[in-house]
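my_file-v2.txt follows (compact mmCIF, C-alpha atoms):
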# COMPACT_ATOMS: atom_id res chain seq x y z
CA MET A 71 19.63 -33.09 33.90
CA THR A 72 20.06 -35.57 31.07
CA ALA A 73 21.89 -35.03 27.81
CA ALA A 74 18.50 -34.70 26.10
CA ASP A 75 17.57 -31.88 28.51
CA ASP A 76 20.81 -30.09 27.66
CA ILE A 77 20.14 -30.42 23.93
CA PHE A 78 16.62 -29.04 24.34
CA ASP A 79 17.90 -26.06 26.35
CA GLN A 80 20.63 -25.41 23.77
CA SER A 81 18.09 -25.55 20.94
CA THR A 82 15.89 -23.03 22.75
CA SER A 83 18.88 -20.79 23.44
CA ASN A 84 19.97 -20.90 19.78
CA VAL A 85 16.58 -19.64 18.58
CA GLN A 86 16.52 -16.96 21.27
CA GLY A 87 19.98 -15.92 20.11
CA LEU A 88 18.28 -14.85 16.87
CA GLY A 89 16.00 -12.59 18.92
CA LEU A 90 12.99 -14.88 18.50
CA CYS A 91 10.97 -16.90 20.99
CA GLU A 92 10.14 -19.48 18.30
CA ILE A 93 10.47 -20.12 14.58
CA PRO A 94 7.32 -18.45 13.18
CA PHE A 95 7.19 -19.98 9.69
CA THR A 96 4.51 -22.59 9.10
CA GLU A 97 2.89 -23.76 5.86
CA SER A 98 -0.46 -24.38 7.58
CA PRO A 99 -2.42 -21.16 8.23
CA PRO A 100 -3.19 -20.46 11.91
CA ASP A 101 -6.53 -21.49 13.34
CA LEU A 102 -9.41 -19.05 12.90
CA GLU A 103 -9.45 -18.38 16.64
CA SER A 104 -5.74 -17.51 16.72
CA GLU A 105 -4.71 -13.86 16.92
CA THR A 106 -1.52 -14.75 15.05
CA LEU A 107 -3.37 -14.67 11.73
CA GLN A 108 -4.04 -10.95 12.17
CA TYR A 109 -0.33 -10.25 12.48
CA ILE A 110 1.14 -12.40 9.73
CA PHE A 111 -1.43 -12.09 6.93
CA THR A 112 -0.06 -9.60 4.41
CA GLY A 113 -1.31 -8.01 1.20
CA ARG A 114 -4.25 -9.09 -0.96
CA GLU A 115 -6.02 -5.78 -0.23
CA ALA A 116 -7.66 -5.55 -3.67
CA GLU A 117 -8.87 -9.16 -3.42
CA LEU A 118 -10.21 -8.66 0.09
CA ARG A 119 -12.07 -5.54 -1.04
CA ARG A 120 -13.79 -7.44 -3.85
CA VAL A 121 -14.95 -10.17 -1.46
CA PHE A 122 -16.11 -7.82 1.30
CA ASN A 123 -18.01 -5.66 -1.19
CA LEU A 124 -20.26 -8.66 -1.81
CA PHE A 125 -21.10 -8.83 1.88
CA GLN A 126 -22.75 -5.41 1.67
CA SER A 127 -25.55 -7.09 -0.29
CA ARG A 128 -28.62 -8.72 1.23
CA GLU A 129 -28.54 -11.43 -1.41
CA ARG A 130 -26.58 -14.59 -0.67
CA ARG A 131 -23.51 -14.81 -2.89
CA ARG A 132 -21.08 -17.48 -4.08
CA VAL A 133 -17.33 -16.90 -4.29
CA LEU A 134 -14.63 -19.05 -5.87
CA VAL A 135 -11.03 -18.35 -4.81
CA TYR A 136 -8.58 -20.10 -7.11
CA GLY A 137 -4.89 -20.12 -7.94
CA ARG A 138 -1.89 -22.36 -8.16
CA ILE A 139 -1.01 -24.76 -5.37
CA GLY A 140 0.83 -23.02 -2.53
CA ILE A 141 -0.30 -19.53 -3.55
CA GLY A 142 -2.06 -18.85 -0.22
CA LYS A 143 -5.71 -19.70 -0.90
CA SER A 144 -6.30 -21.24 2.53
CA ALA A 145 -4.66 -18.31 4.32
CA PHE A 146 -6.78 -15.86 2.30
CA LEU A 147 -9.95 -17.80 3.08
CA ARG A 148 -9.17 -17.87 6.79
CA GLU A 149 -8.42 -14.15 6.81
CA VAL A 150 -11.83 -13.45 5.24
CA LEU A 151 -13.58 -15.63 7.82
CA SER A 152 -11.54 -14.15 10.68
CA VAL A 153 -12.63 -10.63 9.72
CA LEU A 154 -16.26 -11.69 9.36
CA ARG A 155 -16.19 -13.27 12.82
CA ARG A 156 -14.99 -9.98 14.29
CA LYS A 157 -17.20 -7.65 12.26
CA ARG A 158 -20.36 -9.77 12.06
CA PRO A 159 -20.47 -12.00 15.12
CA GLN A 160 -24.15 -12.78 14.42
CA MET A 161 -23.22 -14.34 11.07
CA PRO A 162 -21.86 -17.87 11.68
CA THR A 163 -18.84 -18.80 9.57
CA ALA A 164 -18.51 -22.53 8.99
CA TYR A 165 -15.08 -23.64 7.73
CA ILE A 166 -14.16 -27.13 6.55
CA SER A 167 -11.47 -28.70 4.39
CA LEU A 168 -13.07 -31.01 1.85
CA PRO A 169 -12.87 -34.56 3.25
CA ALA A 170 -12.05 -37.49 1.01
CA ASP A 171 -14.98 -39.22 -0.69
CA LEU A 172 -17.65 -36.77 0.48
CA ASP A 173 -19.97 -34.72 -1.71
CA LEU A 174 -20.30 -30.96 -1.23
CA ALA A 175 -23.74 -31.14 0.38
CA THR A 176 -22.64 -33.58 3.10
CA THR A 177 -19.47 -31.56 3.64
CA ALA A 178 -21.46 -28.34 4.06
CA LEU A 179 -23.93 -30.12 6.35
CA ILE A 180 -21.08 -31.17 8.66
CA ALA A 181 -19.56 -27.68 8.66
CA VAL A 182 -22.81 -25.91 9.58
CA ALA A 183 -23.85 -28.49 12.17
CA ARG A 184 -20.54 -28.01 13.97
CA GLU A 185 -21.30 -24.30 14.28
CA MET A 186 -24.76 -24.99 15.77
CA ALA A 187 -23.68 -26.72 18.96
CA ASP A 188 -26.90 -25.73 20.78
CA ASP A 189 -29.21 -27.15 18.12
CA GLU A 190 -30.13 -30.75 18.99
CA TRP A 191 -31.26 -31.59 15.46
CA ALA A 192 -27.94 -30.35 14.07
CA GLN A 193 -25.97 -32.38 16.59
CA ARG A 194 -28.05 -35.43 15.80
CA GLN A 195 -26.96 -35.17 12.15
CA LEU A 196 -23.33 -35.24 13.25
CA TYR A 197 -23.80 -38.06 15.73
CA GLN A 198 -25.52 -40.25 13.19
CA MET A 199 -22.54 -39.83 10.87
CA GLY A 200 -20.18 -40.95 13.62
CA ILE A 201 -18.81 -37.44 14.26
CA PRO A 202 -18.22 -36.65 17.96
CA THR A 203 -20.54 -34.13 19.58
CA ALA A 204 -20.27 -32.29 22.88
CA LYS A 205 -23.28 -34.16 24.25
CA ILE A 206 -23.79 -37.91 23.90
CA LEU A 207 -27.06 -38.43 22.07
CA LYS A 208 -29.27 -41.46 22.65
CA GLU A 209 -32.20 -43.02 20.90
CA ARG A 210 -35.11 -43.36 23.30
CA SER A 211 -37.97 -45.83 23.18
CA ALA A 212 -40.70 -46.88 25.62
CA GLU A 213 -40.86 -50.48 26.83
CA ALA A 214 -44.02 -52.31 25.88
CA GLY A 215 -45.73 -55.30 27.42
CA GLY A 216 -48.18 -57.05 25.15
CA ASN A 217 -50.17 -54.27 23.52
CA LEU A 218 -49.64 -51.85 26.38
CA VAL A 219 -46.80 -49.40 26.93
CA ILE A 220 -45.45 -49.68 30.46
CA SER A 221 -45.69 -46.20 31.92
CA GLY A 222 -42.39 -44.67 32.95
CA LYS A 223 -40.24 -47.38 31.39
CA VAL A 224 -37.95 -45.76 28.79
CA THR A 225 -34.89 -47.40 27.31
CA GLU A 226 -31.95 -45.68 25.63
CA LYS A 227 -29.45 -46.89 23.08
CA ASP A 228 -26.80 -45.29 20.91
CA LEU A 229 -28.05 -43.82 17.66
CA PRO A 230 -27.04 -45.93 14.66
CA ILE A 231 -24.23 -44.62 12.45
CA THR A 232 -25.73 -43.71 9.07
CA LYS A 233 -25.05 -41.42 6.16
CA PRO A 234 -27.72 -38.84 5.30
CA LEU A 235 -29.91 -40.23 2.53
CA TYR A 236 -30.67 -36.77 1.15
CA PRO A 237 -27.81 -34.48 2.24
CA THR A 238 -28.98 -31.52 0.14
CA VAL A 239 -32.43 -31.65 1.77
CA SER A 240 -30.89 -32.11 5.23
CA LEU A 241 -28.61 -29.12 4.64
CA ASP A 242 -31.51 -26.97 3.48
CA THR A 243 -33.47 -27.95 6.59
CA LEU A 244 -30.51 -27.09 8.79
CA LEU A 245 -30.04 -23.71 7.10
CA GLU A 246 -33.75 -22.99 7.53
CA ARG A 247 -33.35 -23.60 11.25
CA ALA A 248 -30.23 -21.40 11.27
CA GLN A 249 -32.07 -18.51 9.59
CA GLU A 250 -34.46 -18.30 12.53
CA LYS A 251 -31.52 -17.61 14.84
CA TYR A 252 -29.13 -15.86 12.44
CA PRO A 253 -31.10 -13.54 10.11
CA GLN A 254 -27.88 -12.25 8.49
CA GLY A 255 -27.26 -15.71 7.09
CA VAL A 256 -24.58 -18.37 7.34
CA VAL A 257 -21.22 -18.43 5.54
CA ILE A 258 -20.01 -21.87 4.43
CA ALA A 259 -16.34 -22.04 3.44
CA ILE A 260 -15.13 -25.25 1.79
CA ASP A 261 -11.37 -25.38 1.32
CA ASP A 262 -9.01 -27.61 -0.67
CA LEU A 263 -11.17 -28.71 -3.58
CA ASP A 264 -7.91 -29.01 -5.53
CA LYS A 265 -6.96 -32.08 -3.51
CA ARG A 266 -9.55 -34.07 -5.47
CA ASN A 267 -9.35 -35.32 -9.02
CA PRO A 268 -10.53 -32.60 -11.47
CA SER A 269 -13.14 -34.91 -13.01
CA ALA A 270 -14.53 -35.64 -9.52
CA VAL A 271 -14.65 -31.90 -8.79
CA ARG A 272 -16.57 -31.25 -12.00
CA GLN A 273 -19.13 -33.89 -11.04
CA MET A 274 -19.43 -32.45 -7.53
CA MET A 275 -20.02 -28.97 -8.92
CA HIS A 276 -22.69 -30.34 -11.24
CA ASP A 277 -24.44 -32.13 -8.37
CA ALA A 278 -24.21 -29.09 -6.06
CA GLN A 279 -25.75 -26.41 -8.32
CA GLY A 280 -29.00 -26.28 -6.37
CA MET A 281 -27.25 -26.27 -3.02
CA LEU A 282 -24.87 -23.44 -3.98
CA LYS A 283 -27.79 -21.28 -5.07
CA GLY A 284 -29.63 -21.89 -1.80
CA ARG A 285 -29.88 -20.22 1.59
CA ALA A 286 -26.20 -19.69 2.51
CA TRP A 287 -23.16 -17.73 1.43
CA PHE A 288 -20.52 -20.01 -0.08
CA ILE A 289 -16.77 -19.50 -0.47
CA LEU A 290 -14.82 -22.30 -2.15
CA THR A 291 -11.12 -22.62 -2.93
CA GLY A 292 -9.37 -24.75 -5.50
CA HIS A 293 -6.78 -25.11 -8.23
CA PRO A 294 -7.78 -23.62 -11.61
CA MET A 295 -7.37 -26.93 -13.43
CA GLY A 296 -9.86 -28.56 -11.09
CA ILE A 297 -12.63 -25.99 -11.04
CA THR A 298 -12.45 -22.99 -13.33
CA GLY A 299 -11.97 -25.05 -16.45
CA ASP A 300 -15.47 -26.39 -15.88
CA LEU A 301 -18.28 -24.94 -18.00
CA LEU A 302 -20.37 -24.67 -14.85
CA THR A 303 -18.19 -21.83 -13.59
CA SER A 304 -17.50 -20.04 -16.84
CA GLU A 305 -20.85 -20.19 -18.64
CA ARG A 306 -23.66 -20.88 -16.19
CA GLY A 307 -22.95 -18.15 -13.66
CA LEU A 308 -22.56 -20.50 -10.74
CA PHE A 309 -20.26 -18.06 -8.92
CA ASP A 310 -20.83 -14.35 -8.39
CA LEU A 311 -17.10 -13.79 -8.04
CA GLN A 312 -14.23 -15.87 -9.42
CA LEU A 313 -11.16 -14.50 -7.67
CA LYS A 314 -7.71 -15.50 -8.87
CA LEU A 315 -4.79 -15.19 -6.45
CA GLU A 316 -1.45 -14.40 -8.05
CA GLU A 317 2.09 -14.49 -6.64
CA LEU A 318 2.87 -11.68 -4.19
CA ASP A 319 5.16 -8.91 -5.41
CA GLN A 320 8.54 -8.39 -3.77
CA PRO A 321 7.59 -5.39 -1.55
CA THR A 322 4.62 -7.35 -0.19
CA THR A 323 6.75 -10.45 0.40
CA TYR A 324 9.30 -8.28 2.24
CA LYS A 325 6.50 -6.88 4.42
CA MET A 326 5.26 -10.43 5.06
CA LEU A 327 8.73 -11.37 6.30
CA ILE A 328 8.63 -8.43 8.70
CA ASN A 329 5.22 -9.50 10.01
CA TYR A 330 6.27 -13.11 10.54
CA LEU A 331 9.42 -12.12 12.41
CA ASN A 332 7.58 -9.59 14.58
CA SER A 333 5.00 -12.22 15.53
CA ALA A 334 7.80 -14.19 17.26
CA ARG A 335 10.20 -11.43 18.29
CA ILE A 336 11.31 -11.40 21.93
CA ASN A 337 11.56 -7.60 22.01
CA LYS A 338 9.25 -5.30 20.09
CA GLY A 339 10.67 -4.52 16.66
CA SER A 340 10.15 -2.03 13.89
CA THR A 341 7.55 -2.56 11.15
CA ASP A 342 9.01 0.07 8.81
CA PRO A 343 10.42 -1.63 5.67
CA ASP A 344 12.99 1.16 5.40
CA ASP A 345 14.32 0.39 8.88
CA PRO A 346 17.06 -2.31 8.74
CA ARG A 347 16.01 -3.51 12.21
CA SER A 348 12.59 -4.56 10.90
CA VAL A 349 13.96 -7.76 9.32
CA LEU A 350 16.36 -8.79 12.09
CA PRO A 351 17.88 -11.37 12.42
CA PHE A 352 18.16 -11.04 8.60
CA THR A 353 20.30 -8.32 7.12
CA PRO A 354 18.34 -6.24 4.60
CA GLU A 355 20.38 -7.74 1.73
CA ALA A 356 19.75 -11.32 2.89
CA ALA A 357 16.07 -10.54 3.49
CA LYS A 358 15.64 -9.21 -0.06
CA HIS A 359 17.38 -12.23 -1.55
CA PHE A 360 15.25 -14.59 0.55
CA CYS A 361 12.09 -12.88 -0.73
CA GLU A 362 13.32 -13.16 -4.33
CA VAL A 363 13.99 -16.90 -3.99
CA SER A 364 10.55 -17.54 -2.48
CA LEU A 365 8.97 -16.20 -5.73
CA GLY A 366 6.02 -14.60 -3.95
CA LYS A 367 4.59 -18.03 -3.13
CA PRO A 368 3.48 -18.12 0.54
CA ARG A 369 3.97 -21.86 1.01
CA LEU A 370 7.48 -21.85 -0.48
CA PHE A 371 8.21 -18.73 1.62
CA ASN A 372 7.24 -20.62 4.77
CA ARG A 373 9.10 -23.82 3.89
CA LEU A 374 12.30 -21.98 3.06
CA GLY A 375 11.98 -19.64 6.03
CA ASN A 376 11.62 -22.51 8.46
CA THR A 377 14.76 -24.24 7.14
CA VAL A 378 16.80 -21.02 6.99
CA LEU A 379 16.04 -20.12 10.61
CA ASP A 380 16.59 -23.69 11.75
CA THR A 381 19.96 -23.75 9.99
CA ALA A 382 20.96 -20.39 11.46
CA ALA A 383 20.00 -21.57 14.96
CA ASN A 384 22.04 -24.77 14.57
CA MET A 385 25.00 -22.64 13.47
CA GLN A 386 24.46 -20.55 16.63
CA ALA A 387 24.36 -17.49 14.40
CA THR A 388 22.94 -14.26 15.75
CA LEU A 389 22.59 -12.65 12.32
CA ILE A 390 21.47 -14.10 9.00
CA ASP A 391 23.71 -12.53 6.39
CA SER A 392 24.18 -13.68 2.82
CA GLU A 393 26.51 -16.52 3.84
CA VAL A 394 24.19 -17.94 6.52
CA LEU A 395 21.24 -17.57 4.14
CA ALA A 396 23.10 -19.56 1.49
CA GLN A 397 23.71 -22.36 3.98
CA GLY A 398 20.01 -22.42 4.85
CA LEU A 399 18.92 -22.51 1.22
CA LYS A 400 21.39 -25.31 0.52
CA ALA A 401 19.82 -27.31 3.35
CA ALA A 402 16.32 -26.61 1.97
CA ALA A 403 16.90 -28.23 -1.43
CA PRO A 404 17.23 -31.86 -0.22
CA GLU A 405 14.44 -31.32 2.32
CA LEU A 406 12.03 -30.31 -0.43
CA ARG A 407 12.98 -33.36 -2.49
CA GLU A 408 12.62 -35.68 0.48
CA ARG A 409 9.20 -34.23 1.30
CA ALA A 410 8.08 -34.66 -2.30
CA ALA A 411 8.86 -38.43 -2.40
CA LEU A 412 9.29 -38.31 -6.17
CA SER A 413 8.88 -41.33 -8.42
CA VAL A 414 11.78 -42.42 -10.63
CA GLN A 415 10.33 -40.62 -13.67
CA GLU A 416 9.55 -37.46 -11.66
CA GLU A 417 13.11 -37.39 -10.35
CA ARG A 418 14.41 -37.82 -13.89
CA VAL A 419 12.38 -34.82 -15.06
CA ARG A 420 13.47 -32.79 -12.01
CA ALA A 421 17.16 -33.47 -12.67
CA PHE A 422 16.69 -32.61 -16.36
CA LEU A 423 14.93 -29.34 -15.50
CA GLU A 424 17.62 -28.40 -12.98
CA GLN A 425 20.35 -29.05 -15.53
CA ARG A 426 18.61 -27.59 -18.57
CA GLY A 427 16.82 -24.60 -17.05
CA PRO A 428 13.44 -23.27 -18.27
CA ILE A 429 11.63 -25.50 -20.75
CA SER A 430 8.43 -25.15 -22.74
CA ASP A 431 6.66 -26.75 -25.65
CA GLU A 432 8.60 -24.41 -27.94
CA THR A 433 12.06 -25.10 -26.50
CA ILE A 434 11.92 -28.86 -25.91
CA THR A 435 13.78 -30.92 -28.52
CA TYR A 436 13.42 -34.48 -29.81
CA GLU A 437 16.73 -35.30 -28.15
CA ASP A 438 15.37 -34.01 -24.83
CA LEU A 439 12.27 -36.15 -25.16
CA GLU A 440 14.33 -39.20 -26.04
CA GLN A 441 16.53 -38.60 -23.00
CA LEU A 442 13.43 -38.53 -20.77
CA GLY A 443 11.83 -41.54 -22.45
CA LEU A 444 8.78 -39.50 -23.48
CA ARG A 445 7.25 -38.61 -26.82
CA SER A 446 5.84 -35.09 -26.40
CA PHE A 447 5.78 -32.06 -24.12
CA SER A 448 2.20 -32.94 -23.16
CA GLU A 449 3.57 -36.15 -21.61
CA ILE A 450 6.10 -34.13 -19.59
CA LEU A 451 3.47 -31.65 -18.39
CA PRO A 452 1.98 -33.80 -15.58
CA PHE A 453 5.46 -34.37 -14.17
CA LEU A 454 6.23 -30.65 -14.29
CA GLU A 455 2.96 -29.83 -12.54
CA ARG A 456 3.81 -32.42 -9.88
CA LEU A 457 7.19 -30.72 -9.36
CA GLU A 458 5.44 -27.35 -9.07
CA ALA A 459 3.08 -28.75 -6.45
CA ALA A 460 6.14 -29.96 -4.50
CA ASP A 461 7.87 -26.53 -4.72
CA LEU A 462 10.62 -27.99 -6.91
CA ALA A 463 9.64 -26.02 -10.02
CA HIS A 464 7.55 -23.00 -10.90
CA GLN A 465 5.47 -22.05 -13.89
CA LEU A 466 6.53 -19.01 -15.86
CA ASP A 467 3.93 -16.53 -17.05
CA GLN A 468 3.55 -16.89 -20.80
CA ASP A 469 0.51 -15.98 -22.82
CA ASP A 470 0.51 -18.68 -25.47
CA SER A 471 2.36 -21.65 -23.95
CA LYS A 472 3.27 -23.27 -20.65
CA ALA A 473 6.86 -22.98 -19.46
CA PHE A 474 8.51 -24.22 -16.27
CA ALA A 475 11.76 -23.37 -14.49
CA PRO A 476 13.56 -24.91 -11.50
CA ILE A 477 13.46 -23.23 -8.09
CA ALA A 478 16.73 -21.28 -7.88
CA LEU A 479 18.29 -22.81 -4.76
CA PRO A 480 22.05 -23.28 -4.27
CA PRO A 481 23.44 -26.80 -4.80
CA ALA A 482 22.87 -29.07 -1.81
CA LEU A 483 25.68 -29.55 0.68
CA GLU A 484 27.74 -32.68 0.10

Would you encode the structure as structure tokens?
Amino acid sequence: MTAADDIFDQSTSNVQGLGLCEIPFTESPPDLESETLQYIFTGREAELRRVFNLFQSRERRRVLVYGRIGIGKSAFLREVLSVLRRKRPQMPTAYISLPADLDLATTALIAVAREMADDEWAQRQLYQMGIPTAKILKERSAEAGGNLVISGKVTEKDLPITKPLYPTVSLDTLLERAQEKYPQGVVIAIDDLDKRNPSAVRQMMHDAQGMLKGRAWFILTGHPMGITGDLLTSERGLFDLQLKLEELDQPTTYKMLINYLNSARINKGSTDPDDPRSVLPFTPEAAKHFCEVSLGKPRLFNRLGNTVLDTAANMQATLIDSEVLAQGLKAAAPELRERAALSVQEERVRAFLEQRGPISDETITYEDLEQLGLRSFSEILPFLERLEAADLAHQLDQDDSKAFAPIALPPALE
């Protein structure tokens, strides 16, 4: 065995020493086909009930799921689709993350066509856009000699790569074909609209009004600044349900920690929050503090959890008490900053926020602005929102003004 083999075996042994077969925290929700999603998804019962109540109607509905970045919109969406796949197997659920530079109609067309693998017309739409299909499709033509077609002579060539000229019409045609096979309808879920510029999202929503009111169920997710500020959603009734996801409360976050750990536990563990064994290898005190630091934000919860377990494994710890947790959180701070790849001005604002503590339009001073090289709180706001998106700050709930605070992690190890 090589030294690398020994290191790999030691790494595996260290994680197993925590009673786990793997580190279960991941910021990307499991695939829809994965059973893991059933075990780790926690809470959101009231929100799930509101969505599933709509599916008791015969009429096609449109749902917008929105909330701050990292709040768990994608995980919620996948949980909804996972349940629908189990409870209504005759209702296809087409999921897609919004690709760059595509309109909603083309995006939906791709998502539905992927679900209709047995429909040649659907697969032809994909193939013509350069998207791989299970079967290689060819364009056939008969050979001709003079004015006569030579019987039996047929040539084949690859279909040309083209974009659909009328994606909304193509989608409607595809959904019409789907209705013949799936009378309960088709669910189209388009995720990550908040990764596009808000002005681009507003234009997309304007262009997609007819499509969204068409033959399919639609569920979209996005950041409130990108979608719900648009008049289309607030005044024209484009969505039947606008569902805001908030931060999880502490009991729910604690239960989520139990579910994550049990999904990777070597031996079956307890799921009772009152049982100290349910959060092993964490002590109950460390588990509660970890949940407090993660602020009820699923993505931050996963990022911190991954680093804490990795740190504990490297320390060859068998129990994560308050001291081991502190070491893990110290290691997380520089990792979050490195992942964020902040600009010089963003780093300046981050350092100021960490030193100063919570700031808002009401608490910022002229001296503070001068120190940052800015003229108003509105100029600081984009930098603060960028820090929030990178899990380096969080927005405080205030009715009449925006306020931000740093993530309360221990100082990084020197």

So that I can check the surroundings of segment 160-163 of chain A, please list as a VMD selection string every protein, DNA and RNA residue that reaches within 12 Å of it, counting only C-alpha atoms and ignoring chain neighbours fewer than 4 positions away. chain A and resid 102 to 103 125 147 to 156 178 181 to 187 245 248 to 260 286 to 289

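Between atom CA of Leu462 of chain A and atom CA of Gly142 of chain A the interatomic distance comes to 17.0 Å.
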
Skip Leu406 of chain A itself and residues of its chain fewer than 6 positions away, then list as an NGL selection string all residues within 9 Å of it, counting all atoms listed in the file. :A and (373 or 460-462)

Contacts of Ser240 of chain A at 12 Å (only C-alpha atoms; same-chain gap of 4+ positions) as a tab-separated table (two decimals) with C-alpha atoms, in the frame of the given file:
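The file below, out-v5.tsv, is the result:
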chain	number	residue	atom	x	y	z
A	175	ALA	CA	-23.74	-31.14	0.38
A	176	THR	CA	-22.64	-33.58	3.10
A	177	THR	CA	-19.47	-31.56	3.64
A	178	ALA	CA	-21.46	-28.34	4.06
A	179	LEU	CA	-23.93	-30.12	6.35
A	180	ILE	CA	-21.08	-31.17	8.66
A	182	VAL	CA	-22.81	-25.91	9.58
A	183	ALA	CA	-23.85	-28.49	12.17
A	191	TRP	CA	-31.26	-31.59	15.46
A	192	ALA	CA	-27.94	-30.35	14.07
A	194	ARG	CA	-28.05	-35.43	15.80
A	195	GLN	CA	-26.96	-35.17	12.15
A	196	LEU	CA	-23.33	-35.24	13.25
A	233	LYS	CA	-25.05	-41.42	6.16
A	234	PRO	CA	-27.72	-38.84	5.30
A	235	LEU	CA	-29.91	-40.23	2.53
A	236	TYR	CA	-30.67	-36.77	1.15
A	244	LEU	CA	-30.51	-27.09	8.79
A	245	LEU	CA	-30.04	-23.71	7.10
A	246	GLU	CA	-33.75	-22.99	7.53
A	247	ARG	CA	-33.35	-23.60	11.25
A	281	MET	CA	-27.25	-26.27	-3.02

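When all atoms listed in the file are used to compute distances to Met274 of chain A, the closest of the residues A:Ile139, A:Leu168, A:Leu174, A:Leu311 turns out to be A:Leu174.
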
Segment 434-443 of chain A: which residues within 9 Å, counting all atoms listed in the file, same-chain residues fewer than 2 positions away excluded, as JSON, numbers by chain? {"A": [415, 418, 419, 422, 429, 430, 431, 432, 445, 446, 447, 450]}

Based on the selection just made, write C-alpha atoms of those residues as a PDB file, in the frame of the given file.
ATOM      1  CA  GLN A 415      10.330 -40.620 -13.670  1.00  0.00           C
ATOM      2  CA  ARG A 418      14.410 -37.820 -13.890  1.00  0.00           C
ATOM      3  CA  VAL A 419      12.380 -34.820 -15.060  1.00  0.00           C
ATOM      4  CA  PHE A 422      16.690 -32.610 -16.360  1.00  0.00           C
ATOM      5  CA  ILE A 429      11.630 -25.500 -20.750  1.00  0.00           C
ATOM      6  CA  SER A 430       8.430 -25.150 -22.740  1.00  0.00           C
ATOM      7  CA  ASP A 431       6.660 -26.750 -25.650  1.00  0.00           C
ATOM      8  CA  GLU A 432       8.600 -24.410 -27.940  1.00  0.00           C
ATOM      9  CA  ARG A 445       7.250 -38.610 -26.820  1.00  0.00           C
ATOM     10  CA  SER A 446       5.840 -35.090 -26.400  1.00  0.00           C
ATOM     11  CA  PHE A 447       5.780 -32.060 -24.120  1.00  0.00           C
ATOM     12  CA  ILE A 450       6.100 -34.130 -19.590  1.00  0.00           C
TER      13      ILE A 450
END

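Interatomic distance, atom CA of Pro480 of chain A against atom CA of Glu355 of chain A: 16.7 Å.
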
Residue among A:Gly89, A:Pro94, A:Gly200, A:Pro99 lying closest to Ser348 of chain A, counting all atoms listed in the file: A:Gly89

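The space separating atom CA of Asp242 of chain A from atom CA of Lys314 of chain A comes to 29.2 Å.
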
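When all atoms listed in the file are used to measure the gap to Val378 of chain A, the shortest distance among A:Ile93, A:Ile110, A:Ile166, A:Ala478 belongs to A:Ile93.
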
Would you compute the box with edges along x, y and z of the file around segment 411-426 of chain A, including every atom the file lists for it and 6 Å extra on each side, and give its centre and edge lengths in Å to one decimal, as lines of an AutoDock Vina configuration file?
center_x = 14.6
center_y = -35.0
center_z = -10.5
size_x = 23.5
size_y = 26.8
size_z = 28.2

Would you mind listing what lies within 10 Å of Lys265 of chain A as a PDB file with C-alpha atoms, in the frame of the given file, with all atoms listed in the file counted and same-chain residues fewer than 4 positions away left out?
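Saved as result36.pdb:
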ATOM      1  CA  ILE A 139      -1.010 -24.760  -5.370  1.00  0.00           C
ATOM      2  CA  SER A 167     -11.470 -28.700   4.390  1.00  0.00           C
ATOM      3  CA  LEU A 168     -13.070 -31.010   1.850  1.00  0.00           C
ATOM      4  CA  PRO A 169     -12.870 -34.560   3.250  1.00  0.00           C
ATOM      5  CA  ALA A 170     -12.050 -37.490   1.010  1.00  0.00           C
ATOM      6  CA  ASP A 261     -11.370 -25.380   1.320  1.00  0.00           C
ATOM      7  CA  VAL A 271     -14.650 -31.900  -8.790  1.00  0.00           C
ATOM      8  CA  GLY A 292      -9.370 -24.750  -5.500  1.00  0.00           C
ATOM      9  CA  HIS A 293      -6.780 -25.110  -8.230  1.00  0.00           C
ATOM     10  CA  GLY A 296      -9.860 -28.560 -11.090  1.00  0.00           C
TER      11      GLY A 296
END

For Leu282 of chain A, which residue among A:Leu134, A:Ala459, A:Val363, A:Leu318 is the nearest when counting all atoms listed in the file? A:Leu134

With distances taken over only C-alpha atoms, the candidate from A:Asp310, A:Leu399, A:Leu454, A:Arg347 nearest Ser127 of chain A is A:Asp310
